[in-house]
Structures are given as structure tokens and as C-alpha cells.
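upload-v2.pdb follows (PDB, C-alpha atoms):
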ATOM      1  CA  MET A  13      61.405   5.088  46.265
ATOM      2  CA  GLY A  14      57.634   5.269  45.871
ATOM      3  CA  ARG A  15      55.753   6.286  42.763
ATOM      4  CA  MET A  16      55.481  10.047  42.172
ATOM      5  CA  HIS A  17      52.881  11.457  39.789
ATOM      6  CA  LEU A  18      54.989  14.252  38.264
ATOM      7  CA  PHE A  19      53.576  16.291  35.399
ATOM      8  CA  GLU A  20      54.509  15.581  31.793
ATOM      9  CA  PHE A  21      54.494  18.243  29.089
ATOM     10  CA  GLU A  22      52.606  16.067  26.607
ATOM     11  CA  ASP A  23      49.738  15.669  29.098
ATOM     12  CA  GLN A  24      49.089  19.398  29.358
ATOM     13  CA  SER A  25      46.278  20.946  27.336
ATOM     14  CA  TRP A  26      48.479  23.994  26.643
ATOM     15  CA  CYS A  27      51.340  21.884  25.253
ATOM     16  CA  PRO A  28      51.904  22.842  21.584
ATOM     17  CA  HIS A  29      50.840  20.154  19.154
ATOM     18  CA  PHE A  30      54.278  19.919  17.535
ATOM     19  CA  ILE A  31      55.937  19.121  20.895
ATOM     20  CA  ARG A  32      53.396  16.413  21.729
ATOM     21  CA  GLU A  33      53.691  14.965  18.228
ATOM     22  CA  ALA A  34      57.502  15.083  18.248
ATOM     23  CA  THR A  35      57.493  13.159  21.535
ATOM     24  CA  THR A  36      55.201  10.434  20.209
ATOM     25  CA  ASP A  37      57.158  10.317  16.913
ATOM     26  CA  PHE A  38      60.354   9.803  18.918
ATOM     27  CA  LEU A  39      58.812   6.964  20.935
ATOM     28  CA  PHE A  40      57.244   5.398  17.845
ATOM     29  CA  THR A  41      60.649   5.242  16.147
ATOM     30  CA  LEU A  42      62.514   4.081  19.248
ATOM     31  CA  TYR A  43      60.120   1.156  19.694
ATOM     32  CA  GLY A  44      60.978  -0.036  16.207
ATOM     33  CA  LEU A  45      64.728   0.542  16.310
ATOM     34  CA  MET A  46      65.167  -1.217  19.648
ATOM     35  CA  GLY A  47      62.382  -3.788  19.408
ATOM     36  CA  MET A  48      61.295  -2.821  22.910
ATOM     37  CA  TYR A  49      57.996  -4.652  22.954
ATOM     38  CA  GLU A  50      58.718  -7.817  20.977
ATOM     39  CA  SER A  51      58.547  -9.974  24.111
ATOM     40  CA  ALA A  52      55.291  -8.247  25.061
ATOM     41  CA  PHE A  53      53.796  -9.219  21.702
ATOM     42  CA  GLU A  54      54.403 -12.864  22.566
ATOM     43  CA  LYS A  55      52.456 -12.382  25.810
ATOM     44  CA  ILE A  56      49.582 -10.790  23.910
ATOM     45  CA  VAL A  57      49.364 -13.714  21.497
ATOM     46  CA  GLU A  58      49.295 -16.123  24.458
ATOM     47  CA  VAL A  59      46.277 -14.288  25.909
ATOM     48  CA  LEU A  60      44.503 -14.144  22.547
ATOM     49  CA  ASN A  61      44.940 -17.904  22.178
ATOM     50  CA  LYS A  62      43.690 -18.601  25.707
ATOM     51  CA  THR A  63      40.651 -16.337  25.473
ATOM     52  CA  LYS A  64      39.806 -17.029  21.798
ATOM     53  CA  PHE A  65      39.706 -13.307  20.987
ATOM     54  CA  ASN A  66      40.822 -12.073  17.576
ATOM     55  CA  THR A  67      40.499  -8.331  18.198
ATOM     56  CA  ILE A  68      42.738  -5.873  20.053
ATOM     57  CA  ILE A  69      41.626  -2.457  21.305
ATOM     58  CA  ASP A  70      44.758  -0.359  21.782
ATOM     59  CA  CYS A  71      44.175   2.394  24.326
ATOM     60  CA  CYS A  72      46.004   5.733  24.533
ATOM     61  CA  SER A  73      47.519   5.002  21.136
ATOM     62  CA  GLY A  74      49.040   8.463  20.637
ATOM     63  CA  SER A  75      50.438   8.487  17.103
ATOM     64  CA  GLY A  76      50.308   4.708  16.827
ATOM     65  CA  GLY A  77      52.975   3.785  19.333
ATOM     66  CA  ALA A  78      53.882   0.133  19.266
ATOM     67  CA  VAL A  79      50.835  -0.878  17.227
ATOM     68  CA  GLN A  80      52.576  -0.887  13.847
ATOM     69  CA  TYR A  81      55.197  -3.285  15.206
ATOM     70  CA  LEU A  82      52.533  -5.429  16.879
ATOM     71  CA  ARG A  83      50.728  -5.614  13.533
ATOM     72  CA  GLU A  84      53.929  -6.661  11.764
ATOM     73  CA  TYR A  85      54.592  -9.291  14.432
ATOM     74  CA  LEU A  86      51.091 -10.749  14.058
ATOM     75  CA  ASP A  87      51.523 -10.892  10.296
ATOM     76  CA  LYS A  88      54.919 -12.552  10.686
ATOM     77  CA  ILE A  89      53.446 -15.381  12.769
ATOM     78  CA  ASP A  90      50.589 -15.706  10.276
ATOM     79  CA  ASN A  91      47.954 -14.220  12.563
ATOM     80  CA  LYS A  92      46.430 -11.938   9.955
ATOM     81  CA  SER A  93      42.878 -12.462  11.199
ATOM     82  CA  THR A  94      43.451 -10.430  14.369
ATOM     83  CA  THR A  95      42.497  -6.769  13.962
ATOM     84  CA  ILE A  96      43.792  -3.828  16.020
ATOM     85  CA  THR A  97      41.735  -0.703  16.716
ATOM     86  CA  LEU A  98      43.562   2.521  17.587
ATOM     87  CA  THR A  99      41.886   4.667  20.266
ATOM     88  CA  ASP A 100      42.808   7.729  22.278
ATOM     89  CA  LYS A 101      41.173  10.496  24.286
ATOM     90  CA  PHE A 102      42.989  12.937  21.995
ATOM     91  CA  PRO A 103      43.419  10.881  18.809
ATOM     92  CA  ASN A 104      46.151  11.812  16.341
ATOM     93  CA  ILE A 105      43.809  11.404  13.396
ATOM     94  CA  LYS A 106      46.474  11.964  10.756
ATOM     95  CA  SER A 107      48.702   9.203  12.149
ATOM     96  CA  PHE A 108      45.699   6.930  12.728
ATOM     97  CA  ARG A 109      44.623   7.276   9.115
ATOM     98  CA  GLU A 110      48.143   6.683   7.808
ATOM     99  CA  LEU A 111      48.410   3.425   9.773
ATOM    100  CA  GLU A 112      44.946   2.317   8.699
ATOM    101  CA  ALA A 113      45.863   2.983   5.058
ATOM    102  CA  SER A 114      49.130   1.056   5.427
ATOM    103  CA  TYR A 115      47.385  -1.955   6.992
ATOM    104  CA  PRO A 116      43.826  -1.762   5.580
ATOM    105  CA  ASN A 117      42.781  -5.203   6.795
ATOM    106  CA  GLY A 118      44.679  -5.176  10.070
ATOM    107  CA  ILE A 119      44.439  -1.728  11.706
ATOM    108  CA  ILE A 120      41.260   0.286  12.309
ATOM    109  CA  ALA A 121      41.356   3.985  13.203
ATOM    110  CA  HIS A 122      38.739   5.033  15.769
ATOM    111  CA  GLU A 123      38.735   8.792  15.260
ATOM    112  CA  GLU A 124      36.318   9.757  18.042
ATOM    113  CA  SER A 125      37.642  10.542  21.519
ATOM    114  CA  LEU A 126      37.574   7.551  23.871
ATOM    115  CA  ASP A 127      38.273   7.643  27.594
ATOM    116  CA  ALA A 128      40.187   4.511  28.656
ATOM    117  CA  THR A 129      38.280   4.446  31.953
ATOM    118  CA  GLN A 130      34.928   4.251  30.153
ATOM    119  CA  LEU A 131      35.340   2.123  27.039
ATOM    120  CA  PRO A 132      31.943   0.924  25.810
ATOM    121  CA  LYS A 133      31.166  -2.767  26.232
ATOM    122  CA  LYS A 134      30.364  -3.037  22.529
ATOM    123  CA  MET A 135      34.087  -2.628  21.783
ATOM    124  CA  LYS A 136      35.033  -6.264  22.124
ATOM    125  CA  GLY A 137      38.667  -7.293  22.278
ATOM    126  CA  MET A 138      41.816  -7.447  24.344
ATOM    127  CA  ARG A 139      42.719  -3.995  25.642
ATOM    128  CA  THR A 140      46.378  -3.013  25.395
ATOM    129  CA  PHE A 141      48.364  -0.138  26.888
ATOM    130  CA  PHE A 142      51.913   0.533  25.694
ATOM    131  CA  SER A 143      53.904   3.085  27.745
ATOM    132  CA  SER A 144      50.683   4.861  28.699
ATOM    133  CA  PHE A 145      49.292   3.335  31.896
ATOM    134  CA  HIS A 146      51.655   5.422  34.036
ATOM    135  CA  HIS A 147      49.778   8.554  32.924
ATOM    136  CA  PHE A 148      46.905   7.580  35.226
ATOM    137  CA  ARG A 149      46.764   8.154  38.964
ATOM    138  CA  PRO A 150      45.894   5.075  41.078
ATOM    139  CA  GLU A 151      42.172   5.845  41.299
ATOM    140  CA  MET A 152      41.964   6.207  37.512
ATOM    141  CA  ALA A 153      44.135   3.148  36.950
ATOM    142  CA  VAL A 154      41.713   1.081  39.056
ATOM    143  CA  LYS A 155      38.804   2.408  36.964
ATOM    144  CA  ILE A 156      40.563   1.287  33.762
ATOM    145  CA  LEU A 157      41.077  -2.206  35.147
ATOM    146  CA  GLN A 158      37.551  -2.466  36.570
ATOM    147  CA  ASN A 159      36.056  -1.243  33.288
ATOM    148  CA  ALA A 160      37.845  -4.068  31.469
ATOM    149  CA  VAL A 161      36.631  -6.601  34.043
ATOM    150  CA  ASN A 162      33.041  -5.343  33.765
ATOM    151  CA  ALA A 163      33.219  -5.884  29.998
ATOM    152  CA  ASP A 164      34.801  -9.348  30.351
ATOM    153  CA  ALA A 165      37.708  -7.986  28.306
ATOM    154  CA  PRO A 166      41.285  -9.257  28.574
ATOM    155  CA  ILE A 167      43.760  -6.495  29.318
ATOM    156  CA  GLY A 168      47.512  -6.157  28.865
ATOM    157  CA  ILE A 169      49.583  -3.296  30.254
ATOM    158  CA  PHE A 170      53.230  -2.906  29.230
ATOM    159  CA  GLU A 171      55.716  -0.282  30.427
ATOM    160  CA  CYS A 172      59.358   0.098  29.361
ATOM    161  CA  THR A 173      60.077   2.740  32.027
ATOM    162  CA  ARG A 174      60.850   1.991  35.670
ATOM    163  CA  ARG A 175      62.281   3.550  38.803
ATOM    164  CA  HIS A 176      65.825   2.215  38.567
ATOM    165  CA  PRO A 177      69.214   4.025  38.875
ATOM    166  CA  LEU A 178      70.210   3.000  35.345
ATOM    167  CA  GLU A 179      67.067   4.579  33.919
ATOM    168  CA  PHE A 180      67.809   7.876  35.648
ATOM    169  CA  LEU A 181      71.334   7.819  34.242
ATOM    170  CA  THR A 182      69.859   7.255  30.786
ATOM    171  CA  VAL A 183      67.735  10.378  31.246
ATOM    172  CA  LEU A 184      70.868  12.528  30.960
ATOM    173  CA  PHE A 185      71.527  11.239  27.446
ATOM    174  CA  ASN A 186      67.921  11.547  26.308
ATOM    175  CA  PRO A 187      68.341  14.907  24.483
ATOM    176  CA  ILE A 188      71.177  13.461  22.377
ATOM    177  CA  VAL A 189      69.167  10.329  21.625
ATOM    178  CA  THR A 190      66.210  12.498  20.590
ATOM    179  CA  LEU A 191      68.377  14.432  18.123
ATOM    180  CA  LEU A 192      69.705  11.192  16.632
ATOM    181  CA  VAL A 193      66.443   9.231  16.493
ATOM    182  CA  LEU A 194      63.849  11.794  15.387
ATOM    183  CA  PRO A 195      64.964  11.960  11.708
ATOM    184  CA  PHE A 196      64.269   8.217  11.400
ATOM    185  CA  SER A 197      60.590   8.870  12.152
ATOM    186  CA  LYS A 198      60.182  10.250   8.599
ATOM    187  CA  LYS A 199      57.731  12.773  10.064
ATOM    188  CA  LEU A 200      60.156  15.635  10.665
ATOM    189  CA  ASN A 201      58.372  18.746   9.379
ATOM    190  CA  TRP A 202      59.594  22.348   9.624
ATOM    191  CA  SER A 203      58.049  23.120  13.017
ATOM    192  CA  LYS A 204      59.522  19.974  14.585
ATOM    193  CA  PHE A 205      62.902  20.662  12.954
ATOM    194  CA  LEU A 206      62.902  24.280  14.149
ATOM    195  CA  PHE A 207      62.093  23.477  17.785
ATOM    196  CA  THR A 208      64.333  20.417  17.902
ATOM    197  CA  TYR A 209      67.539  21.449  16.140
ATOM    198  CA  LEU A 210      67.559  25.258  15.861
ATOM    199  CA  ILE A 211      65.691  26.096  19.064
ATOM    200  CA  PRO A 212      66.220  22.899  21.096
ATOM    201  CA  ILE A 213      62.998  22.803  23.105
ATOM    202  CA  THR A 214      61.794  19.320  22.179
ATOM    203  CA  PRO A 215      64.941  17.442  23.342
ATOM    204  CA  PHE A 216      64.553  18.868  26.844
ATOM    205  CA  THR A 217      60.786  18.457  27.118
ATOM    206  CA  THR A 218      61.313  14.853  26.006
ATOM    207  CA  MET A 219      64.046  14.431  28.623
ATOM    208  CA  TRP A 220      61.754  15.718  31.377
ATOM    209  CA  ASP A 221      58.838  13.571  30.235
ATOM    210  CA  TYR A 222      61.096  10.514  30.218
ATOM    211  CA  PHE A 223      62.214  11.261  33.774
ATOM    212  CA  ALA A 224      58.625  11.875  34.875
ATOM    213  CA  SER A 225      57.478   8.669  33.161
ATOM    214  CA  ASN A 226      60.030   6.661  35.129
ATOM    215  CA  MET A 227      58.831   8.245  38.365
ATOM    216  CA  ARG A 228      55.193   7.573  37.463
ATOM    217  CA  THR A 229      55.570   3.941  36.387
ATOM    218  CA  TYR A 230      53.921   1.398  38.657
ATOM    219  CA  SER A 231      56.170  -1.275  40.128
ATOM    220  CA  PRO A 232      54.963  -4.906  40.268
ATOM    221  CA  LYS A 233      54.143  -4.417  43.947
ATOM    222  CA  GLU A 234      52.078  -1.321  43.171
ATOM    223  CA  LEU A 235      50.272  -3.133  40.350
ATOM    224  CA  ASN A 236      49.346  -5.839  42.856
ATOM    225  CA  GLU A 237      47.913  -3.166  45.128
ATOM    226  CA  LEU A 238      45.761  -1.854  42.270
ATOM    227  CA  ILE A 239      44.390  -5.355  41.637
ATOM    228  CA  SER A 240      43.510  -5.751  45.302
ATOM    229  CA  ASN A 241      40.978  -2.913  44.878
ATOM    230  CA  LEU A 242      39.094  -4.666  42.082
ATOM    231  CA  ASP A 243      35.880  -6.646  42.118
ATOM    232  CA  ALA A 244      37.136  -9.371  39.798
ATOM    233  CA  PRO A 245      36.538 -12.809  41.322
ATOM    234  CA  ASN A 246      36.725 -14.645  37.974
ATOM    235  CA  TYR A 247      39.842 -12.974  36.653
ATOM    236  CA  GLN A 248      43.331 -14.392  36.469
ATOM    237  CA  TRP A 249      46.168 -11.899  36.812
ATOM    238  CA  GLU A 250      49.829 -12.107  35.893
ATOM    239  CA  ILE A 251      52.389  -9.473  36.852
ATOM    240  CA  GLY A 252      56.068  -9.585  36.043
ATOM    241  CA  LYS A 253      59.016  -8.314  34.067
ATOM    242  CA  ILE A 254      60.298  -9.433  30.688
ATOM    243  CA  LYS A 255      63.385  -8.449  28.755
ATOM    244  CA  SER A 256      63.197  -7.193  25.199
ATOM    245  CA  LYS A 257      65.237  -9.322  22.842
ATOM    246  CA  ARG A 258      67.016  -6.562  20.929
ATOM    247  CA  GLY A 259      66.816  -3.452  23.036
ATOM    248  CA  ASN A 260      68.129  -4.888  26.327
ATOM    249  CA  CYS A 261      65.145  -3.182  27.917
ATOM    250  CA  ILE A 262      63.084  -4.388  30.888
ATOM    251  CA  VAL A 263      59.320  -4.286  30.365
ATOM    252  CA  THR A 264      57.004  -4.413  33.374
ATOM    253  CA  TYR A 265      53.659  -5.962  32.544
ATOM    254  CA  LEU A 266      50.218  -6.683  33.953
ATOM    255  CA  ILE A 267      47.900  -9.123  32.193
ATOM    256  CA  GLY A 268      44.371 -10.035  33.208
ATOM    257  CA  TYR A 269      41.654 -12.155  31.635
ATOM    258  CA  LYS A 270      38.493 -14.015  32.632
TER     259      LYS A 270
END

Take the structure in this file and express it as C-alpha cells.
Amino acid sequence: MGRMHLFEFEDQSWCPHFIREATTDFLFTLYGLMGMYESAFEKIVEVLNKTKFNTIIDCCSGSGGAVQYLREYLDKIDNKSTTITLTDKFPNIKSFRELEASYPNGIIAHEESLDATQLPKKMKGMRTFFSSFHHFRPEMAVKILQNAVNADAPIGIFECTRRHPLEFLTVLFNPIVTLLVLPFSKKLNWSKFLFTYLIPITPFTTMWDYFASNMRTYSPKELNELISNLDAPNYQWEIGKIKSKRGNCIVTYLIGYK
């Protein structure tokens, strides 16, 4: 089955803020509970060591996504000198500021809108995408990759969704998981509570977005096709799949560096 670019509610300009925020809160919490990206963090550290970079520019950060857990991993391995900058086209400034305040020497909130296809060269560092690259159609995905190459920036793309029968079976249980997980986010305000538990809109928008994300996610073969469209003669690319250590989750990844 080929990739299908289905719409997601959180991508739509008319999507209410509380639905978009509830979705990112849900993902934020799930990343931590299941340790989805722990193996990806190891890959990131490998690239940082090879390229001698000590800065990370996280793209499409949403409400912080996996960055908090990446920060904690870096601190655990005594890599406190590496800083992480949060960026997004539609930044969640409140969440950005909360993370920056929690990790004042390790996380930087970039509050201005930044398009991942046009990051300025002055923003030096390894660019990371956690569960966000699938939001871009192939032509935009190529622009993101080429923009990184043009800036001599390492890039790491990590996706925990995939087009696999087991993932589509999991979709059916997503509303229940949303109801169980969201309280652990510690960000459950009255609007989110109302439209999650009393008027259950959020569980079903989250279910659809999860299904659409699986359909949108690039396979390793499709990632190779994207690379073939790049002008990147001095870049080394690595594409593969890794298994999270706690969450029993498969993460598809693309890494590139000069």
C-alpha cells in the first residue's frame, strides 16, 4: 500500500486550539510513558559526536513533543553542553516557555514562526523531526532535506507510525488510550476535559489523526526516493528501523550529515 496524504484535524487552520493542544499533550505524554524515542536519542548522540555539533534545532516541535525526554537523556549521559531549540510554524508559546523554564540551560524557546523548509543558515545545529515529517508532501519533504544540506546541517527524522496491519488494529483502541493517557499530561484544563470526557470529540479526532499519520508516514523505500531528488554529493545518509526499548514500538528513521 502506497503512501496517502490524508488530512489531519490538527493541520487545519480552523481546528480549535484545544483539540490541537489535546492531541499534542496526548503524544507528549505517550512518548514519556512508553519511551518511544529512546533508541532514536542514541542515534542523535552518534551524529552529534561524528559531526562535532553541540546544538539541536527541533523542528515542528508542537507542544514540546519528545524534546523534554531527549533533554533528560542528554543530561543522563552527561551531555549537558548540548542545547536544544524548539521551533514551529505555529509555536505553542506557553508550552515552549514552560520547557525553557524547566531546563533553563538546556532548552531554548524560539517563539517566532519558522518554516521547516526555509530555516535560516544562521541557526546552526542538527535538525530533528519527531513524528512530524509525515505532515509534509513529497515536494515539501525534499525542500526540508535540501534546506538542511544547503546549510551543511545534520538532520534526523524519526517516525513511530507506519503502514502496518498491527498499527491499523491499534487505531481502534486509540480513543480508549486517549481517555486513559490524557490525565497524565498534567495539562487537562476545563475545555479539554469537556470535549474529551463529557462531549467526546477529542478521542475521535485523535483516532482519525493517528490513522491518517500511519497512512502518511514514509516507508524506508519512499525515504530513499526523496533522497534521490537531492543535490547532496557530500552527504552520507542512513535509513532504517529501530525498536524502542520500553514501548515495543518500531521507529523509522532517516539520518543525514556532511

Item checked: Result set of the PyMOL selection byres ((chain A and resi 72-87) around 9) on the coordinates above, as a PyMOL selection string -> chain A and resi 33+36-37+39-41+43-44+47-50+53-54+57+70-71+88-96+98-108+111+115+118-119+126-128+140-145

Margin query: Can you tell me which residues surround Lys64 in chain A at a distance of at most 12 Å, considering all atoms listed in the file, apart from same-chain residues fewer than 3 positions away, and format the answer as a ChimeraX atom specification?
Written below: /A:56-61,67-68,93-94,136-138,165-166,269-270

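Note that CA of Met219 in chain A and CA of Val154 in chain A are 28.0 Å apart.
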
Margin query: Quick check on the file I pasted: which residues fall under the PyMOL selection byres ((chain A and resi 184-190) around 8)? Write them as a VMD selection string.
Written below: chain A and resid 38 180 to 183 191 to 194 215 to 216 218 to 219 222

With C-alpha atoms retained, could you export that selection as a compact mmCIF listing (two decimals), in the coordinates of the input?
# COMPACT_ATOMS: atom_id res chain seq x y z
CA PHE A 38 60.35 9.80 18.92
CA PHE A 180 67.81 7.88 35.65
CA LEU A 181 71.33 7.82 34.24
CA THR A 182 69.86 7.26 30.79
CA VAL A 183 67.74 10.38 31.25
CA LEU A 191 68.38 14.43 18.12
CA LEU A 192 69.70 11.19 16.63
CA VAL A 193 66.44 9.23 16.49
CA LEU A 194 63.85 11.79 15.39
CA PRO A 215 64.94 17.44 23.34
CA PHE A 216 64.55 18.87 26.84
CA THR A 218 61.31 14.85 26.01
CA MET A 219 64.05 14.43 28.62
CA TYR A 222 61.10 10.51 30.22

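Compared by their closest atoms to Phe30 in chain A, and using only C-alpha atoms, the residues A:Thr214, A:Asn159, A:Ser114, A:Thr97 rank with A:Thr214 nearest.
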
Item checked: Computed interatomic separation between CA of Lys199 in chain A and CA of Ala34 in chain A (Å) ->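 For CA of Lys199 in chain A relative to CA of Ala34 in chain A, the distance reads 8.5 Å.
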
Check: So, counting all atoms listed in the file, which residue among A:Met16, A:Ile254, A:Cys27, A:Ile169 is closest to Asn226 in chain A?
Finding: A:Met16

Note to self: the PyMOL selection byres ((chain A and resi 246) around 9) - which residues does that actually catch in the file I just gave you? List them as a PyMOL selection string.
What the structure shows: chain A and resi 161+244-245+247-248+269-270

How big is the axis-aligned box around all listed atoms of range 63-72 of chain A once 5 Å goes on each side, and where's its centre, in Å to one decimal, as lines of an AutoDock Vina configuration file?
center_x = 42.9
center_y = -5.6
center_z = 21.5
size_x = 16.3
size_y = 32.8
size_z = 17.9

Item checked: Of the listed residues A:Ser203, A:Ser125, A:Ser256, A:Gln130, that which approaches Ile31 in chain A most closely, counting all atoms listed in the file -> A:Ser203

Margin query: Could you check the closest approach to Pro177 in chain A for each of A:Phe223, A:Arg139, A:Tyr265, A:Lys255 and tell me which residue wins, using all atoms listed in the file?
Written below: A:Phe223

Next item on the list: Record the distance separating CA of Ala224 in chain A and CA of Lys257 in chain A, expressed in Å with one decimal.
Entry: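 Going from CA of Ala224 in chain A over to CA of Lys257 in chain A, I get 25.3 Å.
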
Next item on the list: Can you work out which one of A:Thr63, A:Pro212, A:Thr35, A:Phe170 has the shortest atom-to-atom distance to Pro232 in chain A, counting all atoms listed in the file?
Entry: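 That would be A:Phe170, the residue with the smallest distance to Pro232 in chain A.
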
Note to self: Residues within 7 Å of Cys172 in chain A, please, as a list in words. Count only C-alpha atoms; anything in the same chain fewer than 3 positions from it doesn't count.
What the structure shows: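 After dropping sequence-adjacent residues, the list is Ser143, Cys261, Ile262, Val263 and Thr264 of chain A.
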